[in-house]
>>> print(open('protein-v5.txt').read())   # compact mmCIF, C-alpha atoms and all ligand atoms
# COMPACT_ATOMS: atom_id res chain seq x y z
CA MET D 104 -88.28 -93.94 -31.01
CA ASP D 105 -91.45 -91.84 -30.75
CA LEU D 106 -90.01 -88.93 -32.70
CA LEU D 107 -89.11 -91.04 -35.72
CA ASP D 108 -92.40 -92.98 -35.66
CA THR D 109 -94.26 -89.67 -35.64
CA LEU D 110 -92.17 -88.20 -38.43
CA THR D 111 -92.48 -91.32 -40.56
CA ALA D 112 -96.25 -91.41 -40.14
CA LYS D 113 -96.53 -87.74 -41.03
CA GLY D 114 -94.19 -88.07 -44.00
CA LEU D 115 -96.11 -91.03 -45.39
CA ARG D 116 -99.24 -88.87 -45.26
CA GLY D 117 -97.41 -85.94 -46.87
CA GLU D 118 -97.66 -83.89 -43.68
CA ILE D 119 -94.84 -81.78 -42.38
CA PRO D 120 -93.41 -81.90 -38.87
CA THR D 121 -93.52 -79.17 -36.30
CA ARG D 122 -90.54 -76.90 -35.96
CA GLU D 123 -89.66 -78.61 -32.67
CA GLU D 124 -89.68 -82.02 -34.33
CA ALA D 125 -87.42 -80.73 -37.11
CA LEU D 126 -85.00 -79.36 -34.52
CA ALA D 127 -85.07 -82.69 -32.68
CA VAL D 128 -83.92 -84.50 -35.84
CA LEU D 129 -80.81 -82.31 -35.91
CA ALA D 130 -80.18 -83.11 -32.25
CA THR D 131 -80.24 -86.90 -32.62
CA THR D 132 -77.13 -88.80 -31.66
CA ASP D 133 -74.79 -90.86 -33.80
CA ASP D 134 -76.24 -93.99 -32.12
CA GLU D 135 -79.63 -93.04 -33.56
CA LEU D 136 -78.32 -92.11 -37.00
CA LEU D 137 -79.25 -95.27 -38.90
CA ASP D 138 -82.75 -95.12 -37.43
CA VAL D 139 -83.03 -91.53 -38.65
CA VAL D 140 -81.87 -92.52 -42.14
CA ALA D 141 -84.26 -95.48 -42.18
CA ALA D 142 -87.22 -93.31 -41.16
CA ALA D 143 -86.43 -90.67 -43.79
CA GLY D 144 -85.89 -93.51 -46.28
CA LYS D 145 -89.44 -94.76 -45.78
CA VAL D 146 -90.77 -91.30 -46.60
CA ARG D 147 -88.46 -91.01 -49.60
CA ARG D 148 -89.59 -94.36 -51.01
CA ARG D 149 -93.27 -93.53 -50.42
CA TRP D 150 -93.10 -90.56 -52.79
CA PHE D 151 -90.11 -91.27 -55.04
CA GLY D 152 -89.57 -95.01 -54.94
CA ARG D 153 -85.95 -95.94 -55.62
CA ARG D 154 -85.50 -93.41 -58.41
CA VAL D 155 -82.57 -90.99 -58.46
CA LYS D 156 -82.86 -87.95 -60.68
CA LEU D 157 -79.58 -86.88 -62.25
CA ASN D 158 -78.91 -83.19 -62.95
CA TYR D 159 -76.01 -81.82 -64.94
CA LEU D 160 -74.39 -78.42 -64.41
CA VAL D 161 -73.13 -76.25 -67.23
CA ASN D 162 -71.33 -73.14 -65.99
CA LEU D 163 -72.10 -70.65 -68.77
CA LYS D 164 -70.00 -67.83 -67.31
CA SER D 165 -67.51 -68.33 -64.51
CA GLY D 166 -66.04 -65.99 -61.93
CA LEU D 167 -65.65 -62.20 -61.71
CA CYS D 168 -69.01 -61.64 -60.03
CA PRO D 169 -69.64 -58.19 -58.49
CA GLU D 170 -71.60 -59.70 -55.58
CA ASP D 171 -69.95 -60.64 -52.29
CA CYS D 172 -71.54 -63.97 -51.24
CA SER D 173 -68.99 -65.20 -48.68
CA TYR D 174 -69.32 -68.87 -49.61
CA CYS D 175 -68.76 -68.37 -53.31
CA SER D 176 -65.49 -68.90 -55.19
CA GLN D 177 -66.76 -66.56 -57.91
CA ARG D 178 -67.41 -63.61 -55.60
CA LEU D 179 -66.03 -60.13 -55.72
CA GLY D 180 -62.41 -60.28 -54.51
CA SER D 181 -62.25 -64.09 -54.50
CA LYS D 182 -58.67 -65.34 -54.62
CA ALA D 183 -59.77 -68.88 -55.38
CA GLU D 184 -57.91 -70.10 -58.46
CA ILE D 185 -61.01 -71.14 -60.34
CA LEU D 186 -61.62 -71.07 -64.09
CA LYS D 187 -62.73 -67.60 -65.18
CA TYR D 188 -64.41 -67.08 -68.51
CA THR D 189 -67.23 -65.11 -70.10
CA TRP D 190 -70.37 -66.49 -71.77
CA LEU D 191 -70.02 -69.84 -73.53
CA LYS D 192 -71.37 -69.83 -77.07
CA PRO D 193 -74.65 -71.75 -77.54
CA ASP D 194 -72.94 -74.63 -79.36
CA GLN D 195 -70.27 -74.91 -76.63
CA ALA D 196 -72.93 -75.04 -73.93
CA ALA D 197 -74.98 -77.52 -75.97
CA ASP D 198 -71.92 -79.79 -76.32
CA ALA D 199 -71.42 -79.79 -72.56
CA ALA D 200 -75.13 -80.41 -71.97
CA ARG D 201 -75.10 -83.29 -74.43
CA ALA D 202 -72.31 -84.99 -72.47
CA GLY D 203 -74.39 -84.79 -69.30
CA VAL D 204 -77.50 -86.15 -70.96
CA ALA D 205 -75.48 -88.98 -72.52
CA GLY D 206 -74.23 -89.76 -69.01
CA GLY D 207 -77.81 -90.17 -67.74
CA ALA D 208 -78.85 -86.66 -66.72
CA LYS D 209 -82.49 -85.77 -67.11
CA ARG D 210 -82.11 -82.09 -66.27
CA VAL D 211 -79.46 -79.64 -67.45
CA CYS D 212 -78.78 -76.64 -65.18
CA LEU D 213 -77.53 -73.56 -67.02
CA VAL D 214 -75.76 -71.29 -64.54
CA ALA D 215 -74.03 -67.94 -64.95
CA SER D 216 -72.23 -65.87 -62.35
CA GLY D 217 -73.43 -62.34 -61.74
CA ARG D 218 -75.98 -60.30 -59.83
CA GLY D 219 -78.62 -60.91 -62.46
CA PRO D 220 -79.08 -61.10 -66.23
CA THR D 221 -79.38 -58.25 -68.70
CA ASP D 222 -81.97 -58.57 -71.42
CA ARG D 223 -79.07 -59.40 -73.78
CA ASP D 224 -78.12 -62.25 -71.41
CA ILE D 225 -81.67 -63.60 -71.64
CA ASP D 226 -81.22 -63.59 -75.46
CA ARG D 227 -77.97 -65.57 -75.10
CA VAL D 228 -79.62 -68.13 -72.84
CA THR D 229 -82.59 -68.34 -75.20
CA ASP D 230 -80.20 -69.27 -78.04
CA THR D 231 -78.43 -71.77 -75.79
CA MET D 232 -81.67 -73.47 -74.77
CA ALA D 233 -82.71 -73.71 -78.43
CA ALA D 234 -79.41 -75.43 -79.27
CA ILE D 235 -79.83 -77.88 -76.39
CA LYS D 236 -83.47 -78.68 -77.15
CA GLU D 237 -82.71 -79.10 -80.84
CA ALA D 238 -80.38 -81.96 -79.94
CA ASP D 239 -82.69 -83.39 -77.28
CA PRO D 240 -86.25 -81.98 -77.04
CA GLN D 241 -87.02 -83.99 -73.89
CA VAL D 242 -84.28 -82.63 -71.69
CA GLU D 243 -85.42 -80.49 -68.76
CA ILE D 244 -83.67 -77.14 -68.55
CA CYS D 245 -83.23 -75.21 -65.33
CA VAL D 246 -81.75 -71.73 -65.58
CA CYS D 247 -79.83 -69.96 -62.82
CA LEU D 248 -78.81 -66.39 -63.62
CA GLY D 249 -79.23 -64.59 -60.31
CA LEU D 250 -81.79 -61.89 -59.50
CA LEU D 251 -84.51 -61.49 -62.11
CA SER D 252 -86.05 -58.23 -63.29
CA ASP D 253 -89.66 -57.88 -64.39
CA ASN D 254 -90.63 -60.02 -67.38
CA GLN D 255 -87.35 -61.95 -67.53
CA ALA D 256 -88.90 -65.06 -66.02
CA GLU D 257 -91.71 -64.88 -68.55
CA ARG D 258 -89.16 -64.58 -71.36
CA LEU D 259 -87.26 -67.62 -70.10
CA LYS D 260 -90.47 -69.61 -69.82
CA ALA D 261 -91.51 -68.65 -73.35
CA ALA D 262 -88.06 -69.67 -74.61
CA GLY D 263 -88.48 -73.17 -73.23
CA ALA D 264 -87.01 -73.11 -69.73
CA ASP D 265 -88.66 -75.61 -67.40
CA ALA D 266 -87.32 -74.36 -64.08
CA TYR D 267 -85.43 -71.51 -62.43
CA ASN D 268 -82.95 -71.98 -59.61
CA HIS D 269 -82.34 -69.36 -56.98
CA ASN D 270 -81.33 -70.56 -53.53
CA LEU D 271 -82.34 -68.87 -50.29
CA ASN D 272 -79.12 -70.35 -48.86
CA THR D 273 -79.63 -69.49 -45.22
CA SER D 274 -82.15 -68.04 -42.80
CA GLU D 275 -83.51 -64.54 -43.12
CA GLY D 276 -81.99 -63.76 -39.72
CA THR D 277 -78.40 -64.52 -40.77
CA TYR D 278 -78.54 -63.60 -44.42
CA GLY D 279 -76.80 -60.26 -43.84
CA ASP D 280 -73.80 -62.09 -42.32
CA ILE D 281 -73.26 -64.02 -45.54
CA THR D 282 -73.92 -61.41 -48.21
CA THR D 283 -74.18 -57.60 -48.14
CA THR D 284 -74.77 -56.78 -51.82
CA HIS D 285 -78.32 -58.13 -51.95
CA THR D 286 -80.90 -59.22 -49.41
CA TYR D 287 -82.87 -62.29 -48.43
CA ALA D 288 -85.99 -60.46 -49.62
CA ASP D 289 -84.36 -60.01 -53.06
CA ARG D 290 -83.93 -63.77 -53.24
CA VAL D 291 -87.48 -64.53 -52.19
CA ASP D 292 -88.67 -62.05 -54.80
CA THR D 293 -86.84 -63.87 -57.61
CA VAL D 294 -88.17 -67.28 -56.56
CA GLN D 295 -91.66 -65.79 -56.60
CA LYS D 296 -91.09 -64.21 -60.01
CA ALA D 297 -89.99 -67.58 -61.40
CA HIS D 298 -92.95 -69.38 -59.90
CA GLY D 299 -95.32 -66.66 -61.04
CA ALA D 300 -94.15 -67.08 -64.62
CA GLY D 301 -94.95 -70.79 -64.53
CA LEU D 302 -91.39 -71.98 -64.06
CA SER D 303 -90.81 -74.78 -61.60
CA ALA D 304 -89.04 -73.24 -58.63
CA CYS D 305 -85.75 -74.80 -57.55
CA SER D 306 -84.49 -73.24 -54.34
CA GLY D 307 -82.34 -74.63 -51.58
CA LEU D 308 -79.75 -73.97 -48.92
CA ILE D 309 -76.10 -74.17 -47.99
CA ALA D 310 -75.25 -75.89 -44.69
CA GLY D 311 -71.94 -75.53 -42.88
CA MET D 312 -71.54 -71.75 -42.90
CA GLY D 313 -71.60 -71.49 -39.11
CA GLU D 314 -75.39 -71.31 -38.88
CA SER D 315 -77.41 -72.65 -35.95
CA ASP D 316 -79.91 -75.50 -36.03
CA GLU D 317 -82.62 -72.85 -35.78
CA ASP D 318 -81.27 -71.14 -38.90
CA LEU D 319 -81.36 -74.41 -40.83
CA VAL D 320 -84.91 -75.12 -39.73
CA ASP D 321 -85.94 -71.54 -40.57
CA VAL D 322 -84.66 -71.72 -44.12
CA VAL D 323 -86.09 -75.20 -44.76
CA PHE D 324 -89.54 -74.18 -43.56
CA ALA D 325 -89.26 -70.98 -45.63
CA LEU D 326 -88.49 -73.07 -48.72
CA ARG D 327 -91.51 -75.26 -48.05
CA GLU D 328 -93.68 -72.20 -47.70
CA LEU D 329 -92.34 -70.72 -50.95
CA GLY D 330 -93.41 -73.87 -52.76
CA SER D 331 -89.99 -74.87 -54.03
CA ASP D 332 -90.42 -77.96 -56.22
CA SER D 333 -86.82 -79.03 -55.73
CA VAL D 334 -84.62 -78.29 -52.75
CA PRO D 335 -80.88 -78.55 -53.40
CA VAL D 336 -78.97 -79.11 -50.16
CA ASN D 337 -75.44 -77.76 -50.57
CA PHE D 338 -72.73 -78.50 -48.03
CA LEU D 339 -70.28 -75.61 -47.95
CA ILE D 340 -67.17 -76.19 -50.03
CA PRO D 341 -64.70 -73.98 -48.16
CA PHE D 342 -62.63 -72.68 -51.06
CA GLU D 343 -59.20 -71.32 -50.27
CA GLY D 344 -59.32 -67.62 -51.17
CA THR D 345 -62.85 -67.03 -49.85
CA PRO D 346 -63.92 -65.69 -46.43
CA LEU D 347 -65.32 -69.08 -45.39
CA ALA D 348 -62.19 -71.05 -46.33
CA LYS D 349 -61.72 -72.29 -42.76
CA GLU D 350 -65.35 -73.18 -42.03
CA TRP D 351 -65.05 -76.95 -41.74
CA ASN D 352 -68.10 -77.51 -39.54
CA LEU D 353 -69.62 -80.62 -41.05
CA THR D 354 -69.27 -84.34 -40.49
CA PRO D 355 -70.89 -87.02 -42.67
CA GLN D 356 -73.25 -87.75 -39.77
CA ARG D 357 -74.27 -84.11 -39.48
CA CYS D 358 -74.90 -83.97 -43.24
CA LEU D 359 -77.18 -87.01 -43.03
CA ARG D 360 -79.15 -85.49 -40.17
CA ILE D 361 -79.56 -82.27 -42.16
CA LEU D 362 -80.74 -84.21 -45.22
CA ALA D 363 -83.20 -86.16 -43.07
CA MET D 364 -84.61 -82.98 -41.57
CA VAL D 365 -85.02 -81.49 -45.06
CA ARG D 366 -86.79 -84.68 -46.20
CA PHE D 367 -89.23 -84.69 -43.27
CA VAL D 368 -90.14 -81.04 -43.92
CA ASN D 369 -90.41 -81.73 -47.67
CA PRO D 370 -91.74 -85.27 -47.82
CA ASP D 371 -93.07 -85.05 -51.37
CA THR D 372 -90.61 -82.50 -52.81
CA GLU D 373 -87.47 -83.29 -54.79
CA VAL D 374 -84.59 -83.18 -52.31
CA ARG D 375 -81.22 -82.97 -54.07
CA ILE D 376 -77.79 -83.55 -52.58
CA ALA D 377 -75.90 -80.71 -54.25
CA GLY D 378 -72.41 -79.20 -53.93
CA GLY D 379 -70.13 -80.67 -51.26
CA ARG D 380 -71.51 -84.21 -51.51
CA GLU D 381 -68.12 -85.82 -52.09
CA VAL D 382 -66.26 -83.38 -49.81
CA HIS D 383 -68.44 -83.87 -46.75
CA LEU D 384 -70.39 -87.13 -47.07
CA ARG D 385 -67.42 -88.97 -48.58
CA SER D 386 -67.88 -92.74 -48.08
CA MET D 387 -71.33 -92.11 -46.57
CA GLN D 388 -72.74 -90.82 -49.90
CA PRO D 389 -74.82 -93.99 -50.54
CA LEU D 390 -76.69 -93.45 -47.26
CA GLY D 391 -77.64 -90.01 -48.57
CA LEU D 392 -79.45 -91.68 -51.47
CA HIS D 393 -81.84 -93.26 -48.98
CA ILE D 394 -82.98 -89.74 -48.08
CA ALA D 395 -82.54 -87.59 -51.18
CA ASN D 396 -83.99 -88.52 -54.57
CA SER D 397 -81.76 -86.34 -56.72
CA ILE D 398 -78.06 -85.55 -57.18
CA PHE D 399 -75.74 -83.79 -59.62
CA LEU D 400 -73.85 -85.97 -62.04
CA GLY D 401 -70.13 -85.28 -62.40
CA ASP D 402 -68.61 -81.88 -61.71
CA TYR D 403 -69.93 -78.72 -60.05
CA LEU D 404 -69.60 -75.12 -61.16
CA THR D 405 -66.06 -74.46 -60.03
CA SER D 406 -65.06 -77.70 -58.29
CA GLU D 407 -64.73 -81.28 -59.45
CA GLY D 408 -67.03 -84.03 -58.28
CA GLN D 409 -66.32 -87.71 -58.47
CA ALA D 410 -66.29 -89.32 -61.93
CA GLY D 411 -69.73 -89.51 -63.51
CA GLN D 412 -69.33 -93.28 -63.82
CA ALA D 413 -68.66 -93.47 -60.07
CA ASP D 414 -71.99 -91.68 -59.49
CA LEU D 415 -73.78 -94.23 -61.66
CA ASP D 416 -72.01 -97.16 -59.98
CA MET D 417 -72.89 -95.81 -56.54
CA ILE D 418 -76.57 -95.54 -57.46
CA LYS D 419 -76.66 -99.09 -58.77
CA ASP D 420 -74.63 -100.59 -55.93
CA ALA D 421 -76.90 -98.95 -53.34
CA GLY D 422 -79.97 -100.52 -54.97
CA PHE D 423 -81.37 -97.41 -56.67
CA GLU D 424 -82.07 -96.63 -60.31
CA VAL D 425 -81.56 -93.57 -62.48
CA GLU D 426 -84.86 -91.78 -63.20
CA GLY D 427 -85.72 -91.96 -66.88
CA ALA D 428 -86.54 -89.02 -69.14
CA GLY D 429 -90.18 -90.12 -69.42
CA GLU D 430 -90.78 -90.53 -65.69
CA ALA D 431 -92.38 -87.77 -63.61
CA THR D 432 -90.17 -86.62 -60.77
CA LEU D 433 -92.79 -85.18 -58.44
CA PRO D 434 -95.75 -87.19 -57.13
CA ARG D 435 -98.87 -86.39 -59.09
CA HIS D 436 -100.55 -84.26 -56.41
CA ARG D 437 -97.45 -82.04 -56.18
CA ALA D 438 -97.15 -81.69 -59.91
CA ASP D 439 -100.83 -80.68 -60.06
CA VAL D 440 -100.34 -78.08 -57.34
CA ALA D 441 -97.30 -76.68 -59.14
CA ALA D 442 -99.20 -76.49 -62.40
CA ALA D 443 -102.20 -74.84 -60.74
CA ALA D 444 -99.98 -72.30 -59.01
CA ALA D 445 -98.26 -71.53 -62.28
CA GLY D 446 -101.60 -71.21 -64.03
CA SER D 447 -103.14 -68.83 -61.54
CA CYS D 448 -100.06 -66.70 -61.17
CA GLY D 449 -98.79 -66.93 -64.67
CA THR D 450 -101.58 -64.86 -66.11
CA ALA D 451 -101.06 -62.17 -63.53
CA ALA D 452 -97.40 -62.39 -62.97
CA SER D 453 -97.10 -58.75 -62.15
CA ALA D 454 -99.34 -59.29 -59.15
CA CYS D 455 -97.24 -62.23 -58.03
CA GLY D 456 -93.88 -61.22 -58.93
CA SER D 457 -91.91 -58.90 -57.43
CA GLY D 458 -83.64 -61.97 -56.78
CA GLY D 459 -77.83 -63.39 -57.06
CA GLY D 460 -76.99 -66.63 -56.01
CA CYS D 461 -76.13 -69.31 -58.22
CA GLY D 462 -76.14 -73.07 -58.27
CA PRO D 463 -74.20 -75.49 -56.20
CA CYS D 464 -71.27 -73.79 -54.63
CA GLY D 465 -69.18 -75.46 -53.82
CA GLY D 466 -72.98 -74.41 -35.56
CA HIS D 467 -75.81 -75.60 -34.15
CA ALA D 468 -77.82 -74.73 -31.06
CA HIS D 469 -78.38 -76.95 -28.09
CA THR D 470 -81.67 -78.59 -27.29
CA PRO D 471 -82.34 -80.46 -24.06
CA GLU D 472 -81.89 -83.70 -25.98
CA ALA D 473 -78.58 -82.59 -27.38
CA GLU D 474 -77.45 -81.38 -23.98
CA ALA D 475 -78.08 -84.86 -22.60
CA ALA D 476 -76.09 -86.53 -25.35
CA PRO D 477 -72.49 -87.50 -24.86
CA ALA D 478 -70.17 -84.78 -26.02
CA ALA D 479 -68.70 -86.95 -28.74
CA GLN D 480 -72.12 -87.24 -30.36
CA ALA D 481 -72.77 -83.53 -30.76
CA PRO D 482 -72.05 -82.19 -34.23
CA THR D 483 -68.34 -81.55 -34.31
CA ALA D 484 -65.96 -79.92 -36.72
CA GLU D 485 -64.37 -82.42 -39.04
CA GLY D 486 -61.00 -80.81 -38.76
CA ALA D 487 -59.80 -77.96 -36.68
CA ALA D 488 -62.05 -75.09 -37.77
CA ASP D 489 -59.00 -72.98 -38.51
CA GLU D 490 -57.48 -75.32 -41.05
CA LEU D 491 -57.51 -75.08 -44.80
CA ARG D 492 -58.34 -78.43 -46.40
CA SER D 493 -57.22 -77.96 -49.98
CA ASP D 494 -56.73 -81.74 -50.12
CA LEU D 495 -60.52 -82.11 -50.12
CA VAL D 496 -61.41 -79.25 -52.48
CA LYS D 497 -60.49 -79.86 -56.09
CA VAL D 498 -60.90 -76.89 -58.44
CA ARG D 499 -62.57 -77.78 -61.73
CA ARG D 500 -60.08 -77.87 -64.61
CA ARG D 501 -62.10 -79.75 -67.25
CA GLY D 502 -65.36 -79.38 -69.16
CA ALA D 503 -66.97 -75.99 -69.88
CA GLY D 504 -64.41 -73.24 -70.39
CA THR D 505 -61.54 -75.65 -71.09
CA GLU D 506 -60.37 -77.78 -73.99
CA LEU D 507 -60.81 -80.94 -71.93
CA ALA D 508 -63.82 -83.27 -72.06
CA PRO D 509 -66.50 -82.75 -69.40
CA ASN D 510 -66.91 -85.23 -66.57
CA ALA D 511 -70.19 -87.01 -67.19
S1 LIG U 601 -73.41 -66.91 -55.51
FE1 LIG U 601 -73.85 -66.00 -57.53
S2 LIG U 601 -74.27 -63.84 -57.02
FE2 LIG U 601 -73.21 -64.67 -55.23
S3 LIG U 601 -71.01 -64.18 -55.62
FE3 LIG U 601 -71.41 -66.28 -56.42
S4 LIG U 601 -71.83 -65.99 -58.61
FE4 LIG U 601 -72.10 -64.01 -57.59
>>> encode(input="protein-v5.txt", output="structure tokens", more="lines below")
Ligand code: SF4
Amino acid sequence: MDLLDTLTAKGLRGEIPTREEALAVLATTDDELLDVVAAAGKVRRRWFGRRVKLNYLVNLKSGLCPEDCSYCSQRLGSKAEILKYTWLKPDQAADAARAGVAGGAKRVCLVASGRGPTDRDIDRVTDTMAAIKEADPQVEICVCLGLLSDNQAERLKAAGADAYNHNLNTSEGTYGDITTTHTYADRVDTVQKAHGAGLSACSGLIAGMGESDEDLVDVVFALRELGSDSVPVNFLIPFEGTPLAKEWNLTPQRCLRILAMVRFVNPDTEVRIAGGREVHLRSMQPLGLHIANSIFLGDYLTSEGQAGQADLDMIKDAGFEVEGAGEATLPRHRADVAAAAAGSCGTAASACGSGGGCGPCGGHAHTPEAEAAPAAQAPTAEGAADELRSDLVKVRRRGAGTELAPNA
């Protein structure tokens, strides 16, 4: 297929596709799906070999957020019966992080609900990072606290943070349909602040919120332009008690096409399968590893993932290997670019910088090609769009904020 040959050749050279080519990936048929995965797999292996980076989430503060992100179980007015608790103490967070690292995670992601941190919150996270790094100096720490104010990114960097996560989530054009309490521009601003302070930028999207193919392509190109070093691809977890509880728009095939499109646009960037992996990819998860080079180990912020051991078994059975602590994630040329960007901006962060969305939470337009495809091969809702599927969404009841051992 010409499209896939072109995309593979570009990806192997580290070049990105045109917008039309990216849209065409989303319009491929189920008959073409394995070819799409194989093409994206060649690009993945060119830059990341067979390594899978494992990331581990620690939810430092859960629920009761004043923001109104429609997809989020922690939002203002959410009736989702999630765990709700205030800040974990540094030793509690370090215990949870240690379990993830012992399970094979290379990066720990410290996440707190809320619009953004106070300076006192930055102090708390500073103490938490110190406790984690005392136990394991090599562990990468990514912090996700929502919208950043001036100098907060610099403080996190100085305290030992390696990365900052703040997802764009969806296109600029539809952002106002998803959230009203902050803007897309606020989010871009926080990613730029993090990058400007020399933190590696982690920023991704949520698919399955009723967006069009154009919206998905818009946000993925925007992430590339922002210079995100890792792109988490969340698949909406439609929590009962949130406005998007009945948005079951994804099939495993659709998820794989989305991952492939993200890979082609970000050939040499970490692409992470984030929240919703088990819910939407289900038995197709191993195929996702041929496209993405990174996943979360164990549970998510407010929902349970599969057992950490099942993640490890899946990686091994699919012929991949867990990325070691001493191995670089990004290809050298990308790491150099990231370092140079951090260096040039970091000394003049105020000129660069000008964010709340948190970590993994957890439609489409027609093209001529899609129009020509049999109806059964167009992306279809997995269930009736009006159904609740509480059988597929399991609220987290273990790990941080509970007396039970974390899943790692
Ligand atoms: S995504 Fe973050 S900012 Fe938005 S409602 Fe959830 S916890 Fe709050």
>>> residues_near_ligand(input="protein-v5.txt", ligand="ligand LIG 601 (chain U)", cutoff="8 Å", atoms="all atoms listed in the file", output="list in words")
Ser165, Gly166, Leu167, Cys168, Pro169, Glu170, Asp171, Cys172, Ser173, Tyr174, Cys175, Ser176, Gln177, Arg178, Leu179, Ala215, Ser216, Gly217, Arg218, Gly219, Leu248, Gly249, Thr282, Gly459, Gly460, Cys461, Gly462 and Cys464 of chain D
>>> residues_around(input="protein-v5.txt", residues="segment 116-132 of chain D", least_positions_apart="2", cutoff="6 Å", atoms="all atoms listed in the file", output="PyMOL selection string")
chain D and resi 113-114+134-135+360+364+368+370+473+480
>>> write_last_selection(input="protein-v5.txt", atoms="C-alpha atoms", output="compact mmCIF listing (two decimals), keeping the file's coordinate frame")
# COMPACT_ATOMS: atom_id res chain seq x y z
CA LYS D 113 -96.53 -87.74 -41.03
CA GLY D 114 -94.19 -88.07 -44.00
CA ASP D 134 -76.24 -93.99 -32.12
CA GLU D 135 -79.63 -93.04 -33.56
CA ARG D 360 -79.15 -85.49 -40.17
CA MET D 364 -84.61 -82.98 -41.57
CA VAL D 368 -90.14 -81.04 -43.92
CA PRO D 370 -91.74 -85.27 -47.82
CA ALA D 473 -78.58 -82.59 -27.38
CA GLN D 480 -72.12 -87.24 -30.36
>>> closest_residue(input="protein-v5.txt", among="D:Gly344, D:Cys245, D:Glu424, D:Gly279", to="Ile185 of chain D", atoms="only C-alpha atoms")
D:Gly344
>>> residues_around(input="protein-v5.txt", residues="Ala141 of chain D", least_positions_apart="4", cutoff="8 Å", atoms="all atoms listed in the file", output="list in words")
Leu137, Lys145 and His393 of chain D
>>> residues_around(input="protein-v5.txt", residues="segment 303-311 of chain D", least_positions_apart="2", cutoff="6 Å", atoms="only C-alpha atoms", output="PyMOL selection string")
chain D and resi 266-273+298+313+331-339+352-353
>>> closest_residue(input="protein-v5.txt", among="D:Val374, D:Val146, D:Ile361, D:Leu404", to="Cys247 of chain D", atoms="all atoms listed in the file")
D:Leu404
>>> residues_around(input="protein-v5.txt", residues="segment 382-386 of chain D", least_positions_apart="5", cutoff="8 Å", atoms="all atoms listed in the file", output="PDB file with C-alpha atoms, in the coordinates of the input")
ATOM      1  CA  PHE D 338     -72.730 -78.500 -48.030  1.00  0.00           C
ATOM      2  CA  ILE D 340     -67.170 -76.190 -50.030  1.00  0.00           C
ATOM      3  CA  LEU D 353     -69.620 -80.620 -41.050  1.00  0.00           C
ATOM      4  CA  THR D 354     -69.270 -84.340 -40.490  1.00  0.00           C
ATOM      5  CA  PRO D 355     -70.890 -87.020 -42.670  1.00  0.00           C
ATOM      6  CA  GLN D 356     -73.250 -87.750 -39.770  1.00  0.00           C
ATOM      7  CA  CYS D 358     -74.900 -83.970 -43.240  1.00  0.00           C
ATOM      8  CA  LEU D 359     -77.180 -87.010 -43.030  1.00  0.00           C
ATOM      9  CA  GLY D 391     -77.640 -90.010 -48.570  1.00  0.00           C
ATOM     10  CA  LEU D 495     -60.520 -82.110 -50.120  1.00  0.00           C
ATOM     11  CA  VAL D 496     -61.410 -79.250 -52.480  1.00  0.00           C
TER      12      VAL D 496
END
>>> closest_residue(input="protein-v5.txt", among="D:Ala511, D:Ile225, D:Val294, D:Thr372", to="Ala205 of chain D", atoms="all atoms listed in the file")
D:Ala511
>>> closest_residue(input="protein-v5.txt", among="D:Ala297, D:Val211, D:Arg149, D:Arg500", to="Asp239 of chain D", atoms="all atoms listed in the file")
D:Val211
>>> atom_distance(input="protein-v5.txt", atom1="atom CA of Ala503 of chain D", atom2="atom CA of Pro220 of chain D")
19.5 Å
>>> residues_near_point(input="protein-v5.txt", point="(-96.2, -88.8, -58.9)", cutoff="12 Å", atoms="only C-alpha atoms", output="list in words")
Arg148, Arg149, Trp150, Phe151, Gly152, Arg154, Asp371, Thr372, Glu373, Glu430, Ala431, Thr432, Leu433, Pro434, Arg435, His436, Arg437, Ala438, Asp439 and Val440 of chain D
>>> closest_residue(input="protein-v5.txt", among="D:Ala261, D:Val322, D:Gly301, D:Phe367", to="Ala112 of chain D", atoms="only C-alpha atoms")
D:Phe367
>>> closest_residue(input="protein-v5.txt", among="D:Gln241, D:Thr277, D:Thr345, D:Asn158", to="Asp414 of chain D", atoms="only C-alpha atoms")
D:Asn158
>>> atom_distance(input="protein-v5.txt", atom1="atom CA of Asp416 of chain D", atom2="atom CA of Arg357 of chain D")
24.4 Å
>>> atom_distance(input="protein-v5.txt", atom1="atom CA of Ala288 of chain D", atom2="atom CA of Gly180 of chain D")
24.1 Å
>>> residues_near_point(input="protein-v5.txt", point="(-79.1, -77.3, -81.3)", cutoff="10 Å", atoms="only C-alpha atoms", output="PyMOL selection string")
chain D and resi 193-194+196-198+201+230-240
>>> residues_around(input="protein-v5.txt", residues="segment 208-210 of chain D", least_positions_apart="5", cutoff="6 Å", atoms="only C-alpha atoms", output="compact mmCIF listing (two decimals) with C-alpha atoms, keeping the file's coordinate frame")
# COMPACT_ATOMS: atom_id res chain seq x y z
CA LEU D 157 -79.58 -86.88 -62.25
CA ASN D 158 -78.91 -83.19 -62.95
CA TYR D 159 -76.01 -81.82 -64.94
CA GLY D 203 -74.39 -84.79 -69.30
CA VAL D 242 -84.28 -82.63 -71.69
CA GLU D 243 -85.42 -80.49 -68.76
CA ILE D 244 -83.67 -77.14 -68.55
CA ALA D 428 -86.54 -89.02 -69.14
>>> axis_aligned_box(input="protein-v5.txt", around="segment 249-255 of chain D", padding_each_side="6 Å", output="AutoDock Vina command-line options")
--center_x -84.9 --center_y -61.2 --center_z -63.5 --size_x 23.4 --size_y 18.7 --size_z 20.0
